[in-house]
Amino acid sequence: MTTDQDLPMDGQSATAVFAAKGIDITANKDKGVIKVVKHPGLDGDRPMIGDRVTVHYTGKLLTGKRFDCSRDRKEPFSFNVGKGQVLKAWDVGVLSMQRGEVCTLLCKPEYAYGTAGNPEKIPPNSSVMFEMELLKFEGETLTDDGGILRRIKVKGEGYTNPNDGASVDVHLEGRCGGRLFDCRDVSFIVGEAEDKGVPLGVDRAMDKMQKGECCVLYLQPKYAFGSEGKPEYKIGPDQEIVYEVTLKEFKRVKESWEMDLNEKLNLALGVKHKGNYYFKAGRYHQAVIQYQRIVSWLEMECGTGIEQQKRIQDFVLTSHLNLALCYLRIKEFSQVVENCNKVIELDENNEKALYRRGEARLLRNEFSLAMADFQQVLQVNPSNRAARAQISICQSKIKEHHEQDKRTYANMFQKFAERDAKTRRSKRRRDDSIRNSMNGEVVTKRRRRSQDCPY
């Protein structure tokens, strides 16, 4: 790549340098973005489409007038590169850079601010220059917990993605510690990928992909093969893995708004059975996907007639109860409480919802709230022995915490008392030292006076 340590950023001289030393980095070589490297970056990886990049930048007109600068704000700028979130020139330019690189881009209007320009800053149809420094980049996180990281090698086509229930054809290459353990073409239903031995993380990435896309997925154990590992692939428990995935083809299923109520009710029964199958097999994340589909279809439906309304409510209520139980198993206690609350909105005396909410609250150390739930269970069903036992546990925990609080406060007060006593002793020693010092000075003065007296 062309390098120029002292590229000017002022009008004609800059344009001349670009013409002489710049490289056209556009895909179709239309000279829409010309690049000159001021300081080379670190050898190695470059950003991929979708990566979260962080840059410093300075924008100037060809006259040399500066119109924007991140350094003036003392804050770098971050965005997902190649996603159309910024100027087209930035997407093109940053994808060509290495970490630590500083370069200058000469950008034609169609890659910058277009025919309109930017009022009060950039005239219409203006070419502009940007000095860019690529500070860092990382893959795009697809989940809130950061368990799936995606880096796109080849961008897909179109704007549609597979949805839950869609059939997909993919090519997979799985690696663990650099070792290839899985290489195949496979078809599966989104939400049911583990039926074909495909890990959860690949399944959950499908609704973010487009036809023809090739991406690399970095999967944490939760989204890989979990605590069980995969013996047939010689993968031990709690291992991180990497999958390269190419989405070759897919066929979407109808979205909720495309189906009538009878279609939803007919599909819900099969999806419920699939969720129950996954739950019994201990595949709780997969079960969650199925139960959530039912909720998304029916939660806002009213139905016509008492019988249809009852079917809808039964499906929704059961799905929320099953979701709560799944979340209990995977220790996502806030989700347990949320789903139980949904059930209680429909049936305020639902014994299972009250009990499961109590379990979640107990595990969150919300002992008083948990005890109130278990007490309400007993009001609904006085013979529920499990609830009675849980109340005893809550009472014991509350007592234990009160005792612990007493010890904590007692120790705190003891420490305060010891600190105060230490302060008083230190003050007494200081006062004694001052008095002794003063007495010594008095004695010394008397001796001096006696020595000065005539005999």
# chains A, B, ... in the order shown; residues from 1 in each chain; ligands from 1
>>> closest_atom_pairs(of="region 34-137 of chain A", to="region 214-230 of chain A", cutoff="12 Å", atoms="only C-alpha atoms", output="CSV")
residue,atom,partner,partner_atom,distance
A:Met48,CA,A:Cys215,CA,9.3
A:Ile49,CA,A:Cys215,CA,9.2
A:Gly50,CA,A:Cys215,CA,9.9
A:Asp51,CA,A:Cys215,CA,11.2
>>> write_last_selection(atoms="C-alpha atoms", output="PDB file, in the first residue's frame")
ATOM      1  CA  MET A  48     -14.635  -7.837   8.262  1.00  0.00           C
ATOM      2  CA  ILE A  49     -18.155  -6.757   7.346  1.00  0.00           C
ATOM      3  CA  GLY A  50     -20.210  -6.235  10.498  1.00  0.00           C
ATOM      4  CA  ASP A  51     -17.215  -5.823  12.827  1.00  0.00           C
TER       5      ASP A  51
END
>>> select_by_dssp(residues="region 217-440 of chain A", states="alpha helix (DSSP H)", output="number ranges by chain")
A: 261-280, 284-298, 306-329, 333-346, 351-363, 367-380, 385-440
>>> residues_around(residues="Ala360 (chain A)", least_positions_apart="2", cutoff="12 Å", atoms="only C-alpha atoms", output="ChimeraX atom specification")
/A:324-341,353-358,362-367,369-371,373-374,390
>>> closest_residue(among="A:Arg252, A:Arg150, A:Lys397, A:Lys88", to="Ile189 (chain A)", atoms="only C-alpha atoms")
A:Arg252
>>> select_by_dssp(residues="region 71-240 of chain A", states="strand (DSSP E)", output="PyMOL selection string")
chain A and resi 77-80+102-107+128-138+140-141+148-154+167-176+179-189+214-219
>>> closest_residue(among="A:Arg204, A:Asp260, A:Met209, A:Val170", to="Thr143 (chain A)", atoms="only C-alpha atoms")
A:Arg204
>>> residues_around(residues="Ala287 (chain A)", least_positions_apart="5", cutoff="12 Å", atoms="only C-alpha atoms", output="PyMOL selection string")
chain A and resi 191-192+194+200+271-282+292-294+319-320+322-327+329-330
>>> closest_residue(among="A:Glu138, A:Asp432, A:Asp144, A:Glu255", to="Asp164 (chain A)", atoms="only C-alpha atoms")
A:Glu255
>>> closest_residue(among="A:His56, A:Lys196, A:Arg361, A:Lys83", to="Arg184 (chain A)", atoms="only C-alpha atoms")
A:Lys196
>>> residues_around(residues="Pro162 (chain A)", least_positions_apart="2", cutoff="10 Å", atoms="only C-alpha atoms", output="list in words")
Thr160, Asp164, Gly165, Ala166, Ser167, Val168, Ile189, Val190, Ala205, Met206, Asp207, Lys208, Met209, Gln210, Lys211, Leu247, Glu249, Phe250, Lys251, Arg252 and Val253 of chain A
>>> closest_residue(among="A:Lys21, A:Lys234, A:Lys38, A:Lys65", to="Val128 (chain A)", atoms="only C-alpha atoms")
A:Lys65
